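Asker: So I've got this file, upload-v4.pdb, and it contains PDB, C-alpha atoms:
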```pdb
ATOM      1  CA  MET A   1     163.812 146.011  41.947  1.00  0.00           C
ATOM      2  CA  ARG A   2     160.212 145.775  40.816  1.00  0.00           C
ATOM      3  CA  ALA A   3     157.469 145.822  43.447  1.00  0.00           C
ATOM      4  CA  ASP A   4     156.111 142.403  42.436  1.00  0.00           C
ATOM      5  CA  HIS A   5     159.543 140.873  43.109  1.00  0.00           C
ATOM      6  CA  ALA A   6     160.065 142.467  46.498  1.00  0.00           C
ATOM      7  CA  LEU A   7     161.244 140.360  49.402  1.00  0.00           C
ATOM      8  CA  PRO A   8     158.625 139.380  51.959  1.00  0.00           C
ATOM      9  CA  PRO A   9     158.580 141.503  55.095  1.00  0.00           C
ATOM     10  CA  ALA A  10     160.878 140.417  57.891  1.00  0.00           C
ATOM     11  CA  THR A  11     159.266 138.198  60.456  1.00  0.00           C
ATOM     12  CA  THR A  12     159.424 138.769  64.170  1.00  0.00           C
ATOM     13  CA  PRO A  13     160.222 136.024  66.681  1.00  0.00           C
ATOM     14  CA  ALA A  14     156.537 135.926  67.633  1.00  0.00           C
ATOM     15  CA  ASP A  15     155.657 135.134  64.004  1.00  0.00           C
ATOM     16  CA  THR A  16     157.934 132.117  63.937  1.00  0.00           C
ATOM     17  CA  ASP A  17     157.454 130.785  67.472  1.00  0.00           C
ATOM     18  CA  LEU A  18     155.927 127.366  66.901  1.00  0.00           C
ATOM     19  CA  LEU A  19     155.135 126.928  70.594  1.00  0.00           C
ATOM     20  CA  ALA A  20     153.243 130.181  71.005  1.00  0.00           C
ATOM     21  CA  ALA A  21     149.556 129.771  70.374  1.00  0.00           C
ATOM     22  CA  PRO A  22     147.302 132.674  69.432  1.00  0.00           C
ATOM     23  CA  GLY A  23     146.579 134.736  72.504  1.00  0.00           C
ATOM     24  CA  LEU A  24     149.156 132.992  74.687  1.00  0.00           C
ATOM     25  CA  PRO A  25     152.808 134.019  74.517  1.00  0.00           C
ATOM     26  CA  ALA A  26     155.556 131.462  74.870  1.00  0.00           C
ATOM     27  CA  ALA A  27     155.981 132.682  78.463  1.00  0.00           C
ATOM     28  CA  GLY A  28     152.665 130.970  79.262  1.00  0.00           C
ATOM     29  CA  TYR A  29     154.105 127.634  78.179  1.00  0.00           C
ATOM     30  CA  ALA A  30     157.254 128.280  80.188  1.00  0.00           C
ATOM     31  CA  CYS A  31     155.137 129.103  83.244  1.00  0.00           C
ATOM     32  CA  GLY A  32     153.199 125.865  82.780  1.00  0.00           C
ATOM     33  CA  ALA A  33     156.433 123.879  82.540  1.00  0.00           C
ATOM     34  CA  VAL A  34     157.782 125.477  85.713  1.00  0.00           C
ATOM     35  CA  LEU A  35     154.510 124.846  87.577  1.00  0.00           C
ATOM     36  CA  GLY A  36     154.511 121.227  86.425  1.00  0.00           C
ATOM     37  CA  SER A  37     158.107 120.749  87.557  1.00  0.00           C
ATOM     38  CA  LEU A  38     157.341 122.256  90.974  1.00  0.00           C
ATOM     39  CA  LEU A  39     154.288 120.033  91.353  1.00  0.00           C
ATOM     40  CA  ASP A  40     156.414 117.003  90.491  1.00  0.00           C
ATOM     41  CA  LEU A  41     158.986 118.015  93.124  1.00  0.00           C
ATOM     42  CA  ILE A  42     156.279 118.512  95.747  1.00  0.00           C
ATOM     43  CA  ALA A  43     153.978 115.571  95.026  1.00  0.00           C
ATOM     44  CA  GLY A  44     156.232 113.171  93.142  1.00  0.00           C
ATOM     45  CA  ASP A  45     154.941 110.603  90.679  1.00  0.00           C
ATOM     46  CA  PRO A  46     151.496 109.182  91.382  1.00  0.00           C
ATOM     47  CA  ARG A  47     151.637 105.607  92.623  1.00  0.00           C
ATOM     48  CA  ARG A  48     148.516 104.316  90.891  1.00  0.00           C
ATOM     49  CA  VAL A  49     148.037 106.086  87.584  1.00  0.00           C
ATOM     50  CA  HIS A  50     150.800 107.762  85.619  1.00  0.00           C
ATOM     51  CA  PRO A  51     150.344 108.954  82.016  1.00  0.00           C
ATOM     52  CA  VAL A  52     153.741 107.665  80.872  1.00  0.00           C
ATOM     53  CA  ALA A  53     153.118 104.236  82.389  1.00  0.00           C
ATOM     54  CA  ALA A  54     149.690 104.132  80.741  1.00  0.00           C
ATOM     55  CA  PHE A  55     151.276 105.013  77.384  1.00  0.00           C
ATOM     56  CA  GLY A  56     153.840 102.246  77.881  1.00  0.00           C
ATOM     57  CA  ARG A  57     151.106  99.674  78.570  1.00  0.00           C
ATOM     58  CA  ALA A  58     149.123 100.846  75.537  1.00  0.00           C
ATOM     59  CA  ALA A  59     152.221 100.745  73.301  1.00  0.00           C
ATOM     60  CA  ALA A  60     153.049  97.224  74.501  1.00  0.00           C
ATOM     61  CA  ALA A  61     149.496  96.068  73.782  1.00  0.00           C
ATOM     62  CA  ALA A  62     149.612  97.642  70.310  1.00  0.00           C
ATOM     63  CA  GLU A  63     152.951  95.953  69.657  1.00  0.00           C
ATOM     64  CA  ARG A  64     151.521  92.553  70.609  1.00  0.00           C
ATOM     65  CA  LEU A  65     148.654  93.096  68.169  1.00  0.00           C
ATOM     66  CA  LEU A  66     150.545  94.713  65.301  1.00  0.00           C
ATOM     67  CA  TRP A  67     154.074  93.272  65.300  1.00  0.00           C
ATOM     68  CA  ARG A  68     155.086  91.629  62.055  1.00  0.00           C
ATOM     69  CA  ASP A  69     158.450  91.407  60.373  1.00  0.00           C
ATOM     70  CA  HIS A  70     157.297  93.961  57.841  1.00  0.00           C
ATOM     71  CA  ARG A  71     157.990  97.653  57.318  1.00  0.00           C
ATOM     72  CA  GLY A  72     154.298  98.482  56.882  1.00  0.00           C
ATOM     73  CA  ALA A  73     153.447  96.940  60.266  1.00  0.00           C
ATOM     74  CA  GLY A  74     156.177  99.036  61.888  1.00  0.00           C
ATOM     75  CA  ALA A  75     154.851 102.166  60.214  1.00  0.00           C
ATOM     76  CA  LEU A  76     151.337 101.361  61.422  1.00  0.00           C
ATOM     77  CA  TYR A  77     152.598 100.781  64.973  1.00  0.00           C
ATOM     78  CA  THR A  78     154.456 104.106  64.909  1.00  0.00           C
ATOM     79  CA  ALA A  79     151.410 105.931  63.545  1.00  0.00           C
ATOM     80  CA  VAL A  80     149.137 104.407  66.207  1.00  0.00           C
ATOM     81  CA  CYS A  81     151.515 105.283  69.060  1.00  0.00           C
ATOM     82  CA  ALA A  82     152.476 108.767  67.854  1.00  0.00           C
ATOM     83  CA  GLY A  83     148.939 109.564  66.723  1.00  0.00           C
ATOM     84  CA  GLY A  84     147.482 108.404  70.023  1.00  0.00           C
ATOM     85  CA  ALA A  85     149.930 110.544  71.995  1.00  0.00           C
ATOM     86  CA  ALA A  86     149.245 113.573  69.776  1.00  0.00           C
ATOM     87  CA  ALA A  87     145.469 113.130  70.101  1.00  0.00           C
ATOM     88  CA  ALA A  88     145.765 112.724  73.875  1.00  0.00           C
ATOM     89  CA  ALA A  89     147.681 116.016  74.038  1.00  0.00           C
ATOM     90  CA  ALA A  90     145.491 117.885  71.553  1.00  0.00           C
ATOM     91  CA  ALA A  91     142.172 117.112  73.239  1.00  0.00           C
ATOM     92  CA  PRO A  92     142.800 118.990  76.499  1.00  0.00           C
ATOM     93  CA  GLU A  93     144.619 121.776  74.620  1.00  0.00           C
ATOM     94  CA  ARG A  94     141.544 122.276  72.463  1.00  0.00           C
ATOM     95  CA  ALA A  95     139.223 122.155  75.472  1.00  0.00           C
ATOM     96  CA  VAL A  96     140.987 125.065  77.203  1.00  0.00           C
ATOM     97  CA  ARG A  97     141.981 127.092  74.151  1.00  0.00           C
ATOM     98  CA  ARG A  98     139.884 130.116  75.154  1.00  0.00           C
ATOM     99  CA  SER A  99     141.291 130.408  78.684  1.00  0.00           C
ATOM    100  CA  PRO A 100     144.917 131.593  78.941  1.00  0.00           C
ATOM    101  CA  ALA A 101     145.030 130.691  82.638  1.00  0.00           C
ATOM    102  CA  ALA A 102     143.809 127.134  82.019  1.00  0.00           C
ATOM    103  CA  ARG A 103     146.197 126.754  79.068  1.00  0.00           C
ATOM    104  CA  THR A 104     149.148 127.661  81.286  1.00  0.00           C
TER
END
```
Spit out the file's structure as structure tokens when you get a sec.

Answerer:
Amino acid sequence: MRADHALPPATTPADTDLLAAPGLPAAGYACGAVLGSLLDLIAGDPRRVHPVAAFGRAAAAAERLLWRDHRGAGALYTAVCAGGAAAAAAAPERAVRRSPAART
């Protein structure tokens, strides 16, 4: 086999772990999930403000504004809801990207 047709080097699990961010192993995400679950068991759901309830209200408002019997309107609604959720998750992730403890 010629060198220019060689197979790429084998990847390690760390190379392919989509959840692991640079500088923070997947164990950090697992630790954050466990801490969040424990906090939920201890404190329960907040009575006044809950992120999932807020998303539901925002999605309902977007549906009232955007609903049409048309595929394009449905695609726009999906993009607004999914894009809004992704942006809401990405903003705090970006804000704490340099602190492994805060990212956990």

Asker: Run through the PyMOL selection byres ((chain A and resi 59) around 10) on the given coordinates and return the selected residues as number ranges by chain.

Answerer: A: 53-58, 60-65, 77-78, 80-82, 84

Asker: Looking at all atoms listed in the file, which of A:His70, A:Ala79, A:Arg103, A:Ala91 is the one that sits closest to Ala33 (chain A)?

Answerer: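 Checking each candidate against Ala33 (chain A), we get A:Arg103 as the closest.
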
Asker: One decimal, Å: what's the distance from CA of Ala101 (chain A) over to CA of Gly28 (chain A), could you say?

Answerer: 8.4 Å

Asker: Just give me the gap between CA of Asp45 (chain A) and CA of Ala87 (chain A) in Å, one decimal is fine.

Answerer: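 Spanning CA of Asp45 (chain A) to CA of Ala87 (chain A) is a straight-line distance of 22.8 Å.
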
Asker: Would you mind reading off the distance between CA of Leu38 (chain A) and CA of Ala86 (chain A), one decimal, in Å?

Answerer: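 One can read the CA of Leu38 (chain A) to CA of Ala86 (chain A) distance as 24.3 Å.
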